[in-house]
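Shown next: upload-v4.tsv, containing TSV, C-alpha atoms.
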chain	number	residue	atom	x	y	z
A	19	MET	CA	91.05	122.87	36.26
A	20	PRO	CA	94.38	122.83	34.42
A	21	GLY	CA	94.53	124.51	31.03
A	22	LYS	CA	95.03	122.64	27.81
A	23	THR	CA	98.67	122.14	26.91
A	24	PRO	CA	99.43	124.31	23.88
A	25	LYS	CA	100.71	122.68	20.74
A	26	HIS	CA	104.18	123.39	19.47
A	27	TYR	CA	105.14	123.21	15.84
A	28	CYS	CA	108.38	122.19	14.16
A	29	VAL	CA	109.34	122.40	10.49
A	30	TYR	CA	111.96	120.00	9.14
A	31	GLY	CA	113.69	120.24	5.80
A	32	TRP	CA	116.03	117.89	3.96
A	33	GLY	CA	117.37	117.17	0.51
A	34	ASN	CA	119.35	119.26	-1.97
A	35	GLY	CA	122.49	118.27	-0.08
A	36	ILE	CA	121.01	118.29	3.44
A	37	PRO	CA	121.23	114.58	4.39
A	38	SER	CA	118.79	114.34	7.29
A	39	PRO	CA	115.77	116.22	8.70
A	40	THR	CA	116.99	119.62	9.88
A	41	LYS	CA	114.83	121.88	11.99
A	42	LEU	CA	114.17	125.22	10.28
A	43	PRO	CA	113.90	128.41	12.33
A	44	LEU	CA	110.49	129.93	12.96
A	45	PRO	CA	109.75	133.63	13.54
A	46	ASN	CA	108.75	132.92	17.16
A	47	SER	CA	108.80	129.94	19.48
A	48	ASP	CA	104.97	129.85	19.50
A	49	THR	CA	104.53	130.15	15.71
A	50	GLN	CA	101.94	127.70	14.40
A	51	VAL	CA	102.57	126.33	10.91
A	52	MET	CA	99.56	124.95	9.07
A	53	GLN	CA	100.88	124.31	5.54
A	54	VAL	CA	104.24	124.18	3.77
A	55	THR	CA	105.24	124.08	0.13
A	56	VAL	CA	108.60	123.66	-1.54
A	57	GLY	CA	109.81	124.34	-5.08
A	58	ARG	CA	113.19	123.97	-6.70
A	59	THR	CA	114.59	126.87	-4.66
A	60	GLN	CA	111.67	128.26	-2.61
A	61	LYS	CA	110.40	127.21	0.79
A	62	SER	CA	107.17	128.82	1.99
A	63	CYS	CA	104.52	128.31	4.65
A	64	VAL	CA	101.23	129.58	6.04
A	65	THR	CA	100.98	130.21	9.78
A	66	GLY	CA	98.06	129.66	12.12
A	67	ASN	CA	97.26	133.37	12.07
A	68	ARG	CA	97.13	133.34	8.26
A	69	ARG	CA	100.46	134.94	7.52
A	70	LEU	CA	102.83	133.89	4.77
A	71	PHE	CA	106.56	133.65	5.18
A	72	THR	CA	109.40	132.18	3.18
A	73	TRP	CA	112.79	130.84	4.20
A	74	GLU	CA	115.72	132.56	2.54
A	75	THR	CA	119.20	131.07	2.35
A	76	CYS	CA	121.84	133.29	3.90
A	77	SER	CA	125.03	131.28	4.29
A	78	SER	CA	126.43	127.81	4.92
A	79	THR	CA	126.59	127.60	8.69
A	80	THR	CA	125.21	125.41	11.44
A	81	LEU	CA	121.79	126.35	12.81
A	82	PRO	CA	120.79	125.85	16.43
A	83	GLY	CA	118.82	122.61	16.43
A	84	SER	CA	120.38	121.25	13.24
A	85	PHE	CA	120.88	117.51	13.05
A	86	GLY	CA	122.93	115.08	11.06
A	87	ASP	CA	125.97	116.16	9.09
A	88	SER	CA	126.14	119.88	9.78
A	89	GLN	CA	128.88	120.62	7.26
A	90	ASN	CA	127.84	123.01	4.50
A	91	ILE	CA	124.25	123.10	5.72
A	92	PRO	CA	122.78	126.45	4.64
A	93	SER	CA	121.42	128.89	7.18
A	94	PHE	CA	117.74	129.61	6.57
A	95	VAL	CA	116.08	132.84	7.68
A	96	PRO	CA	112.27	133.27	7.70
A	97	ARG	CA	110.86	136.48	6.22
A	98	PHE	CA	107.22	137.49	6.23
A	99	MET	CA	105.53	138.59	3.02
A	100	GLU	CA	105.60	142.36	2.76
A	101	GLY	CA	103.26	144.87	1.19
A	102	GLN	CA	99.91	143.23	1.98
A	103	PRO	CA	98.77	144.38	5.45
A	104	GLY	CA	95.55	142.84	6.70
A	105	VAL	CA	95.62	140.02	4.15
A	106	ASN	CA	94.88	136.55	5.52
A	107	ILE	CA	96.53	133.73	3.59
A	108	LYS	CA	95.07	130.21	3.62
A	109	GLN	CA	97.22	128.44	0.99
A	110	VAL	CA	100.58	128.88	-0.73
A	111	VAL	CA	102.10	126.99	-3.67
A	112	CYS	CA	105.47	127.19	-5.41
A	113	GLY	CA	106.38	126.74	-9.06
A	114	GLU	CA	109.80	126.65	-10.64
A	115	LEU	CA	110.62	130.29	-9.90
A	116	HIS	CA	107.30	131.74	-8.78
A	117	THR	CA	105.00	131.64	-5.76
A	118	ALA	CA	101.22	131.98	-5.48
A	119	CYS	CA	99.09	132.53	-2.39
A	120	LEU	CA	95.35	132.31	-1.86
A	121	THR	CA	93.57	134.52	0.68
A	122	ASP	CA	90.69	133.54	2.94
A	123	ARG	CA	88.44	135.62	0.70
A	124	GLY	CA	89.31	133.57	-2.36
A	125	ILE	CA	91.64	136.12	-3.93
A	126	LEU	CA	94.82	134.98	-5.70
A	127	MET	CA	98.16	136.79	-5.51
A	128	THR	CA	101.34	135.79	-7.35
A	129	PHE	CA	104.95	136.91	-7.51
A	130	GLY	CA	108.30	135.80	-8.90
A	131	SER	CA	109.25	134.92	-12.46
A	132	GLY	CA	106.66	135.72	-15.12
A	133	SER	CA	108.14	133.20	-17.55
A	134	ASN	CA	105.48	131.42	-19.61
A	135	GLY	CA	102.80	133.70	-18.17
A	136	CYS	CA	102.49	131.56	-15.05
A	137	LEU	CA	101.78	134.60	-12.82
A	138	GLY	CA	98.47	135.18	-14.61
A	139	HIS	CA	98.91	138.94	-15.08
A	140	ASP	CA	98.39	138.84	-18.87
A	141	ASN	CA	102.10	139.41	-19.50
A	142	PHE	CA	105.45	137.71	-19.05
A	143	HIS	CA	106.97	140.20	-16.63
A	144	ASP	CA	108.59	139.32	-13.31
A	145	VAL	CA	106.85	140.62	-10.17
A	146	GLN	CA	108.76	141.29	-6.95
A	147	LYS	CA	105.83	141.67	-4.52
A	148	ALA	CA	102.64	139.64	-4.23
A	149	THR	CA	100.18	141.08	-6.74
A	150	ILE	CA	96.47	140.31	-7.17
A	151	VAL	CA	95.50	138.36	-10.29
A	152	GLU	CA	92.81	140.72	-11.52
A	153	LYS	CA	91.24	138.32	-14.01
A	154	LEU	CA	89.98	136.18	-11.12
A	155	LEU	CA	88.59	138.95	-8.90
A	156	GLY	CA	85.04	138.04	-9.89
A	157	SER	CA	85.47	134.48	-8.64
A	158	GLU	CA	85.93	133.02	-5.17
A	159	LEU	CA	88.79	130.56	-5.39
A	160	ILE	CA	88.83	127.60	-3.01
A	161	GLU	CA	92.10	125.96	-4.06
A	162	ILE	CA	95.13	126.54	-6.28
A	163	SER	CA	97.95	124.37	-7.57
A	164	SER	CA	101.16	125.05	-9.43
A	165	GLY	CA	103.40	123.03	-11.68
A	166	SER	CA	106.82	124.23	-12.73
A	167	TYR	CA	105.43	126.61	-15.36
A	168	HIS	CA	101.64	126.49	-15.16
A	169	MET	CA	98.82	126.90	-12.64
A	170	LEU	CA	95.26	125.75	-12.00
A	171	ALA	CA	92.57	127.18	-9.75
A	172	VAL	CA	89.09	125.96	-8.80
A	173	THR	CA	86.27	128.25	-7.69
A	174	SER	CA	83.39	127.84	-5.25
A	175	ASP	CA	81.07	127.68	-8.28
A	176	GLY	CA	82.92	124.66	-9.65
A	177	ASP	CA	84.80	126.45	-12.41
A	178	VAL	CA	88.42	125.56	-13.19
A	179	PHE	CA	90.88	128.09	-14.60
A	180	ALA	CA	94.27	127.32	-16.12
A	181	TRP	CA	97.19	129.42	-17.37
A	182	GLY	CA	100.90	129.29	-18.09
A	183	LYS	CA	102.87	126.99	-20.36
A	184	GLY	CA	100.62	124.86	-22.54
A	185	ASP	CA	102.95	122.21	-23.98
A	186	ASN	CA	101.59	118.64	-23.99
A	187	GLY	CA	98.08	120.02	-23.40
A	188	ARG	CA	98.70	120.36	-19.66
A	189	LEU	CA	96.19	123.24	-19.35
A	190	GLY	CA	93.31	121.12	-20.64
A	191	LEU	CA	92.26	123.85	-23.10
A	192	ASN	CA	92.18	121.56	-26.17
A	193	ASN	CA	95.42	123.04	-27.47
A	194	GLU	CA	99.07	123.42	-26.53
A	195	GLU	CA	99.19	127.20	-26.47
A	196	THR	CA	100.78	129.19	-23.66
A	197	VAL	CA	98.36	131.66	-22.04
A	198	ALA	CA	99.32	134.44	-19.64
A	199	VAL	CA	95.89	135.00	-18.14
A	200	PRO	CA	93.55	132.59	-16.28
A	201	THR	CA	91.35	130.86	-18.84
A	202	LEU	CA	88.19	128.87	-18.15
A	203	VAL	CA	88.71	125.15	-18.70
A	204	PRO	CA	85.92	123.40	-20.65
A	205	LEU	CA	84.49	120.61	-18.51
A	206	PRO	CA	81.22	118.66	-18.70
A	207	GLU	CA	78.49	120.58	-16.84
A	208	GLN	CA	77.47	117.69	-14.61
A	209	LEU	CA	80.92	117.48	-13.01
A	210	GLU	CA	81.62	119.24	-9.72
A	211	PRO	CA	85.37	119.94	-9.38
A	212	ARG	CA	86.63	120.25	-5.83
A	213	SER	CA	90.41	120.05	-6.12
A	214	VAL	CA	93.17	120.67	-8.68
A	215	VAL	CA	96.71	119.28	-8.91
A	216	CYS	CA	99.56	120.29	-11.22
A	217	GLY	CA	102.61	118.26	-12.20
A	218	LEU	CA	105.58	119.13	-14.38
A	219	ASP	CA	103.71	118.94	-17.69
A	220	CYS	CA	100.33	117.58	-16.66
A	221	SER	CA	97.32	118.30	-14.45
A	222	MET	CA	94.47	116.55	-12.64
A	223	VAL	CA	91.05	117.65	-11.44
A	224	LEU	CA	89.37	115.79	-8.58
A	225	ILE	CA	85.57	115.89	-8.71
A	226	ASN	CA	82.94	115.36	-6.02
A	227	SER	CA	82.26	111.78	-7.11
A	228	ASN	CA	85.83	111.04	-5.95
A	229	LYS	CA	86.97	110.40	-9.50
A	230	ALA	CA	89.67	112.30	-11.35
A	231	LEU	CA	90.23	113.82	-14.78
A	232	ALA	CA	93.66	114.38	-16.29
A	233	ALA	CA	95.30	116.40	-19.05
A	234	GLY	CA	98.85	116.69	-20.35
A	235	SER	CA	101.70	114.26	-20.83
A	236	ASN	CA	100.96	110.62	-19.98
A	237	LEU	CA	104.58	109.51	-20.38
A	238	HIS	CA	105.07	106.24	-18.46
A	239	ASN	CA	101.29	106.36	-17.80
A	240	ARG	CA	101.86	108.88	-15.04
A	241	LEU	CA	98.30	110.17	-15.46
A	242	GLY	CA	96.67	106.75	-15.53
A	243	LEU	CA	95.26	107.39	-19.02
A	244	ASP	CA	96.26	104.00	-20.45
A	245	VAL	CA	93.29	101.66	-20.78
A	246	ILE	CA	94.13	98.97	-18.21
A	247	HIS	CA	91.57	96.35	-17.25
A	248	GLY	CA	91.94	92.99	-15.57
A	249	GLY	CA	95.67	93.42	-15.19
A	250	LYS	CA	96.17	93.92	-18.93
A	251	ILE	CA	97.20	97.03	-20.85
A	252	LEU	CA	94.63	97.33	-23.64
A	253	LYS	CA	95.65	100.73	-25.02
A	254	GLU	CA	98.47	103.17	-24.33
A	255	THR	CA	97.93	106.94	-24.38
A	256	THR	CA	100.70	109.48	-25.00
A	257	GLU	CA	98.96	112.69	-23.91
A	258	SER	CA	95.65	114.51	-23.81
A	259	SER	CA	95.01	118.21	-24.45
A	260	SER	CA	91.65	118.08	-22.67
A	261	PHE	CA	90.62	116.74	-19.28
A	262	VAL	CA	89.48	113.14	-19.62
A	263	PRO	CA	88.67	110.48	-16.99
A	264	LEU	CA	91.42	108.18	-15.73
A	265	ARG	CA	91.30	104.83	-17.52
A	266	SER	CA	93.67	102.59	-15.58
A	267	GLU	CA	92.32	100.22	-12.94
A	268	PRO	CA	92.00	100.67	-10.03
A	269	LEU	CA	92.46	104.45	-10.42
A	270	CYS	CA	89.47	104.79	-12.74
A	271	LEU	CA	87.14	103.21	-10.17
A	272	GLY	CA	87.06	106.37	-8.07
A	273	ASN	CA	87.22	106.48	-4.27
A	274	ILE	CA	90.10	108.98	-4.64
A	275	ASP	CA	91.01	111.15	-1.67
A	276	LYS	CA	94.40	112.76	-2.43
A	277	ILE	CA	96.60	113.18	-5.51
A	278	SER	CA	100.24	114.15	-5.98
A	279	LEU	CA	102.00	114.66	-9.32
A	280	GLY	CA	105.80	114.63	-9.39
A	281	LEU	CA	108.18	115.23	-12.27
A	282	GLN	CA	107.67	111.80	-13.84
A	283	HIS	CA	105.64	109.77	-11.36
A	284	SER	CA	102.36	110.17	-9.49
A	285	ALA	CA	100.51	109.02	-6.38
A	286	ILE	CA	96.90	108.59	-5.33
A	287	ILE	CA	95.55	107.84	-1.84
A	288	ASN	CA	92.02	106.47	-1.80
A	289	LYS	CA	89.37	106.86	0.88
A	290	ASP	CA	90.50	103.59	2.46
A	291	GLY	CA	94.03	104.90	3.02
A	292	GLU	CA	95.53	102.76	0.26
A	293	LEU	CA	98.39	104.31	-1.72
A	294	PHE	CA	98.81	103.67	-5.45
A	295	MET	CA	101.88	104.78	-7.40
A	296	PHE	CA	102.27	104.99	-11.17
A	297	GLY	CA	104.66	106.44	-13.74
A	298	LEU	CA	108.43	106.16	-14.08
A	299	ASN	CA	110.19	103.79	-11.66
A	300	ASN	CA	113.82	104.07	-12.77
A	301	CYS	CA	114.93	105.03	-9.24
A	302	GLY	CA	112.44	103.05	-7.19
A	303	GLN	CA	110.22	106.10	-6.67
A	304	LEU	CA	107.06	103.99	-6.89
A	305	GLY	CA	107.93	102.26	-3.61
A	306	VAL	CA	107.56	98.73	-4.96
A	307	GLY	CA	111.19	97.85	-5.58
A	308	MET	CA	113.50	98.62	-8.45
A	309	LYS	CA	112.54	98.70	-12.12
A	310	GLU	CA	113.43	95.04	-12.59
A	311	ALA	CA	110.84	94.09	-9.96
A	312	THR	CA	107.98	95.68	-11.92
A	313	PRO	CA	107.41	93.63	-15.09
A	314	LEU	CA	104.47	95.86	-16.08
A	315	PRO	CA	105.93	99.34	-15.60
A	316	ARG	CA	102.85	101.23	-16.84
A	317	MET	CA	100.57	99.54	-14.31
A	318	PRO	CA	99.55	101.33	-11.09
A	319	HIS	CA	101.12	99.62	-8.09
A	320	LYS	CA	99.85	99.50	-4.53
A	321	VAL	CA	102.40	100.45	-1.86
A	322	GLU	CA	102.24	98.21	1.17
A	323	ALA	CA	102.43	100.27	4.34
A	324	VAL	CA	104.67	99.01	7.10
A	325	GLY	CA	102.44	97.29	9.66
A	326	GLY	CA	99.38	97.62	7.44
A	327	THR	CA	98.62	101.18	8.52
A	328	LYS	CA	96.74	103.65	6.33
A	329	PHE	CA	98.35	106.46	4.36
A	330	THR	CA	97.09	110.00	4.97
A	331	MET	CA	99.46	112.24	2.97
A	332	VAL	CA	101.81	111.83	0.02
A	333	SER	CA	104.04	114.12	-2.03
A	334	CYS	CA	106.07	113.21	-5.11
A	335	GLY	CA	109.42	114.88	-5.71
A	336	GLY	CA	111.69	114.60	-8.72
A	337	SER	CA	112.73	110.97	-8.28
A	338	PHE	CA	111.53	110.22	-4.75
A	339	THR	CA	108.34	110.09	-2.68
A	340	VAL	CA	107.46	111.06	0.89
A	341	ALA	CA	104.30	109.86	2.64
A	342	ALA	CA	102.70	110.00	6.08
A	343	THR	CA	100.52	107.39	7.76
A	344	ALA	CA	97.60	107.43	10.17
A	345	GLU	CA	100.10	106.59	12.92
A	346	ASN	CA	101.88	109.90	12.18
A	347	LYS	CA	104.97	108.20	10.83
A	348	VAL	CA	106.77	109.51	7.76
A	349	TYR	CA	108.27	107.25	5.10
A	350	SER	CA	110.38	107.90	2.02
A	351	TRP	CA	111.59	105.94	-0.98
A	352	GLY	CA	113.25	106.55	-4.33
A	353	LYS	CA	116.62	107.82	-5.47
A	354	PRO	CA	119.07	107.93	-2.51
A	355	SER	CA	121.03	111.02	-3.53
A	356	ARG	CA	121.43	114.60	-2.28
A	357	GLY	CA	119.80	113.62	1.01
A	358	GLN	CA	116.32	113.70	-0.50
A	359	LEU	CA	115.16	110.58	1.34
A	360	GLY	CA	115.95	112.15	4.71
A	361	ARG	CA	117.61	108.95	5.88
A	362	ALA	CA	121.05	107.43	5.59
A	363	THR	CA	121.13	104.93	2.75
A	364	THR	CA	123.11	104.49	-0.44
A	365	ASP	CA	121.63	101.10	-1.32
A	366	PRO	CA	119.19	101.48	-4.24
A	367	VAL	CA	117.36	98.29	-3.27
A	368	SER	CA	116.72	99.49	0.30
A	369	ALA	CA	115.83	102.96	-0.95
A	370	SER	CA	113.19	101.65	-3.36
A	371	THR	CA	110.78	100.54	-0.62
A	372	PRO	CA	109.22	102.57	2.22
A	373	HIS	CA	111.43	103.14	5.25
A	374	GLU	CA	110.65	105.45	8.15
A	375	ILE	CA	112.35	108.82	8.49
A	376	GLN	CA	113.64	109.33	12.01
A	377	LEU	CA	113.10	112.79	13.50
A	378	HIS	CA	115.64	113.78	16.12
A	379	ASP	CA	114.42	115.96	18.96
A	380	PRO	CA	110.77	115.09	18.27
A	381	LEU	CA	107.65	116.48	19.85
A	382	THR	CA	105.64	114.31	22.18
A	383	ASP	CA	102.27	113.12	20.86
A	384	LEU	CA	103.57	113.94	17.40
A	385	GLN	CA	101.11	114.69	14.61
A	386	VAL	CA	101.98	115.26	10.97
A	387	VAL	CA	100.44	118.55	9.83
A	388	SER	CA	101.77	119.08	6.31
A	389	LEU	CA	104.42	117.78	3.93
A	390	SER	CA	105.72	118.81	0.54
A	391	ALA	CA	108.33	117.45	-1.88
A	392	SER	CA	109.66	118.88	-5.12
A	393	HIS	CA	112.73	118.21	-7.25
A	394	SER	CA	115.27	117.11	-4.57
A	395	ASN	CA	113.77	119.00	-1.60
A	396	ALA	CA	111.26	118.12	1.11
A	397	LEU	CA	109.53	119.97	3.96
A	398	LEU	CA	107.60	118.47	6.87
A	399	VAL	CA	105.49	120.10	9.60
A	400	VAL	CA	104.77	118.27	12.85
A	401	SER	CA	102.99	119.39	15.99
A	402	GLY	CA	102.90	118.06	19.52
A	403	ALA	CA	102.42	118.80	23.18
A	404	GLU	CA	106.00	119.58	24.09
A	405	VAL	CA	109.26	120.42	22.43
A	406	VAL	CA	112.60	119.18	23.66
A	407	VAL	CA	114.97	122.07	23.03
A	408	ASP	CA	118.51	123.01	23.85
A	409	SER	CA	118.13	125.48	26.72
A	410	LYS	CA	121.01	127.49	25.35
A	411	PHE	CA	119.04	128.58	22.33
A	412	ARG	CA	115.56	129.78	21.61
A	413	ASN	CA	114.18	130.63	18.23
A	414	SER	CA	113.49	134.34	18.29
A	415	TRP	CA	113.24	137.08	15.76
A	416	ASP	CA	115.09	140.35	15.92
A	417	THR	CA	115.51	142.55	12.85
A	418	ASN	CA	115.84	139.54	10.55
A	419	THR	CA	118.68	137.98	12.56
A	420	TRP	CA	118.92	135.08	14.97
A	421	ARG	CA	120.44	135.74	18.34
A	422	GLU	CA	121.54	133.72	21.33
A	423	GLU	CA	119.21	134.95	24.06
A	424	ASN	CA	121.20	133.66	27.01
A	425	ARG	CA	124.36	135.43	25.93
A	426	LYS	CA	125.18	138.44	28.06
A	427	THR	CA	126.23	141.51	26.15
A	428	SER	CA	127.80	144.69	27.43
A	429	PRO	CA	127.73	148.20	25.94
A	430	ARG	CA	130.59	149.01	23.63

Before anything else, please render the file you have as structure tokens.
Amino acid sequence: MPGKTPKHYCVYGWGNGIPSPTKLPLPNSDTQVMQVTVGRTQKSCVTGNRRLFTWETCSSTTLPGSFGDSQNIPSFVPRFMEGQPGVNIKQVVCGELHTACLTDRGILMTFGSGSNGCLGHDNFHDVQKATIVEKLLGSELIEISSGSYHMLAVTSDGDVFAWGKGDNGRLGLNNEETVAVPTLVPLPEQLEPRSVVCGLDCSMVLINSNKALAAGSNLHNRLGLDVIHGGKILKETTESSSFVPLRSEPLCLGNIDKISLGLQHSAIINKDGELFMFGLNNCGQLGVGMKEATPLPRMPHKVEAVGGTKFTMVSCGGSFTVAATAENKVYSWGKPSRGQLGRATTDPVSASTPHEIQLHDPLTDLQVVSLSASHSNALLVVSGAEVVVDSKFRNSWDTNTWREENRKTSPR
């Protein structure tokens, strides 16, 4: 009986000057990538064997397997996290200049810039290597999230902790103070938090009833805190320093499955695969046309999927959005600059509605595994049965350098 065909994984990156999806190198040809995250400058992922590595920028050269305009495309080199042997990572998130990773035992480690206390070490010092957040050692964390300068974590007991920059009440601690150590968020006892999401200056908590609470800046109603009923805006809300239920229909009705908070706009996918966008639409990032086409800019808008398919993933960047559908197709919309849409367009009207991103050299039986967008960057992981590769090159790892395996070398 023939064996099962192994899956292959590819990671594509675009934006920040890279105009089209470009395949990033992996440590080995059989590396499995389960989750990716991208910040302003960082690119990180978790592998199938629970290891964490980041891509570092080395130079502006052309990588084997690069696509599109190869001029001035940076060369990315993957490096595994050092100093934590035997640690199994299950999730990684990136902030403005820091990174946090969660182990399979529910332990949190952070490193990078300690600005605003976002590392959670009760100080504002930078940390070079991943270091355990001691305040949370008595809790088993199940999920973490990071904004630019603050973080949230939820435990298996249903507690939510917040720390970092507190402006606009984004920590939900009933004040706007900056705290450098994880602090328990006051929530009603009957609620059962299961997921947390951080934006630039706001946060959301998803509870087991499939409803959401929000805290922080509600500029442009990007948290859905305006009272909207029957298609009318009854009351506008500027911000909230505590976590309160969403108040805008249909977001307040529940049935929420996934949430993404960008810099000034947000997205929610419900259990039916419907995608709703809300917040600023100055660049068409809500996917419903340009600003002039949305007479009620503070209203949540439903994005119509091409062909009526269901949405399964969404990630909001600075002024653009990337989403995946049940048919494993990836769409983008928003500001068509710096390559952040991953497709060739300079027309703002065309860019403001969903259009599919074409992946060159795709896998067969392609499945979308993970996607992440932030600022002007995006990362995408896909898996499939086979990979079409240039036989001249093979991704391999040798003392932190890439080498051409088929090249014959002779002793000097």

Give, as JSON, the centre coordinates and the x, y and z edge lengths in Å to one decimal for an axis-aligned box around all listed atoms of region 258-275 of chain A, padded by 6 Å on each side.
{"center_x": 91.4, "center_y": 109.2, "center_z": -13.1, "size_x": 20.6, "size_y": 30.0, "size_z": 34.8}

Write out as a ChimeraX atom specification each polymer residue whose atoms come within 7 Å of Asp275 (chain A), counting only C-alpha atoms; drop sequence neighbours fewer than 3 positions from it. /A:228,287-289

Within 12 Å of Ser390 (chain A), counting all atoms listed in the file, which residues show up once you throw out same-chain ones fewer than 2 positions away? Write them as JSON, numbers by chain, please. {"A": [29, 30, 31, 32, 33, 53, 54, 55, 56, 57, 58, 60, 61, 62, 63, 110, 111, 112, 278, 279, 280, 331, 332, 333, 334, 335, 336, 338, 339, 340, 341, 342, 348, 350, 358, 386, 387, 388, 392, 393, 394, 395, 396, 397, 398, 399]}

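Atom pair CA of Gly182 (chain A) / CA of Gly135 (chain A) has a distance of 4.8 Å (rounded to one decimal).
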
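For Glu152 (chain A), the non-local neighbours within 10 Å, defined as residues at least 3 positions apart in the same chain or in other chains and counting all atoms listed in the file, are Ile125, Leu126, Met127, Gly138, His139, Asp140, Thr149, Leu155, Gly156, Val199 and Pro200 of chain A.
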
Counting only C-alpha atoms, which residue out of A:Val214, A:Leu281, A:Ala323, A:Ile36 sits closest to Gly357 (chain A)? A:Ile36

Hey, what's within 6 Å of Gly66 (chain A) if we count all atoms listed in the file and toss same-chain stuff fewer than 3 positions away? As a list of chain:residue names, please? A:Gln50, A:Val51, A:Met52

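Reported to one decimal place, the separation of CA of Gly190 (chain A) from CA of Ser259 (chain A) is 5.1 Å.
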
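For the pair CA of Asn67 (chain A) and CA of Arg212 (chain A), the separation is 24.6 Å.
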
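The point (116.9, 113.0, 9.2) has these residues within 10 Å of it when all atoms listed in the file are used: Tyr30, Gly31, Trp32, Gly33, Ile36, Pro37, Ser38, Pro39, Thr40, Lys41, Ser84, Phe85, Gly86, Asp87, Gly357, Gln358, Leu359, Gly360, Arg361, Ala362, Glu374, Ile375, Gln376, Leu377 and His378 of chain A.
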
Generate a file of the selected residues that holds C-alpha atoms, formatted as a PDB file, keeping the file's coordinate frame.
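What ended up in again39.pdb:
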ATOM      1  CA  TYR A  30     111.960 120.000   9.140  1.00  0.00           C
ATOM      2  CA  GLY A  31     113.690 120.240   5.800  1.00  0.00           C
ATOM      3  CA  TRP A  32     116.030 117.890   3.960  1.00  0.00           C
ATOM      4  CA  GLY A  33     117.370 117.170   0.510  1.00  0.00           C
ATOM      5  CA  ILE A  36     121.010 118.290   3.440  1.00  0.00           C
ATOM      6  CA  PRO A  37     121.230 114.580   4.390  1.00  0.00           C
ATOM      7  CA  SER A  38     118.790 114.340   7.290  1.00  0.00           C
ATOM      8  CA  PRO A  39     115.770 116.220   8.700  1.00  0.00           C
ATOM      9  CA  THR A  40     116.990 119.620   9.880  1.00  0.00           C
ATOM     10  CA  LYS A  41     114.830 121.880  11.990  1.00  0.00           C
ATOM     11  CA  SER A  84     120.380 121.250  13.240  1.00  0.00           C
ATOM     12  CA  PHE A  85     120.880 117.510  13.050  1.00  0.00           C
ATOM     13  CA  GLY A  86     122.930 115.080  11.060  1.00  0.00           C
ATOM     14  CA  ASP A  87     125.970 116.160   9.090  1.00  0.00           C
ATOM     15  CA  GLY A 357     119.800 113.620   1.010  1.00  0.00           C
ATOM     16  CA  GLN A 358     116.320 113.700  -0.500  1.00  0.00           C
ATOM     17  CA  LEU A 359     115.160 110.580   1.340  1.00  0.00           C
ATOM     18  CA  GLY A 360     115.950 112.150   4.710  1.00  0.00           C
ATOM     19  CA  ARG A 361     117.610 108.950   5.880  1.00  0.00           C
ATOM     20  CA  ALA A 362     121.050 107.430   5.590  1.00  0.00           C
ATOM     21  CA  GLU A 374     110.650 105.450   8.150  1.00  0.00           C
ATOM     22  CA  ILE A 375     112.350 108.820   8.490  1.00  0.00           C
ATOM     23  CA  GLN A 376     113.640 109.330  12.010  1.00  0.00           C
ATOM     24  CA  LEU A 377     113.100 112.790  13.500  1.00  0.00           C
ATOM     25  CA  HIS A 378     115.640 113.780  16.120  1.00  0.00           C
TER      26      HIS A 378
END

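Shortest atom-to-atom contact with Thr327 (chain A) among A:Ser355, A:Gly291, A:Asn300, A:Ser370: A:Gly291, counting only C-alpha atoms.
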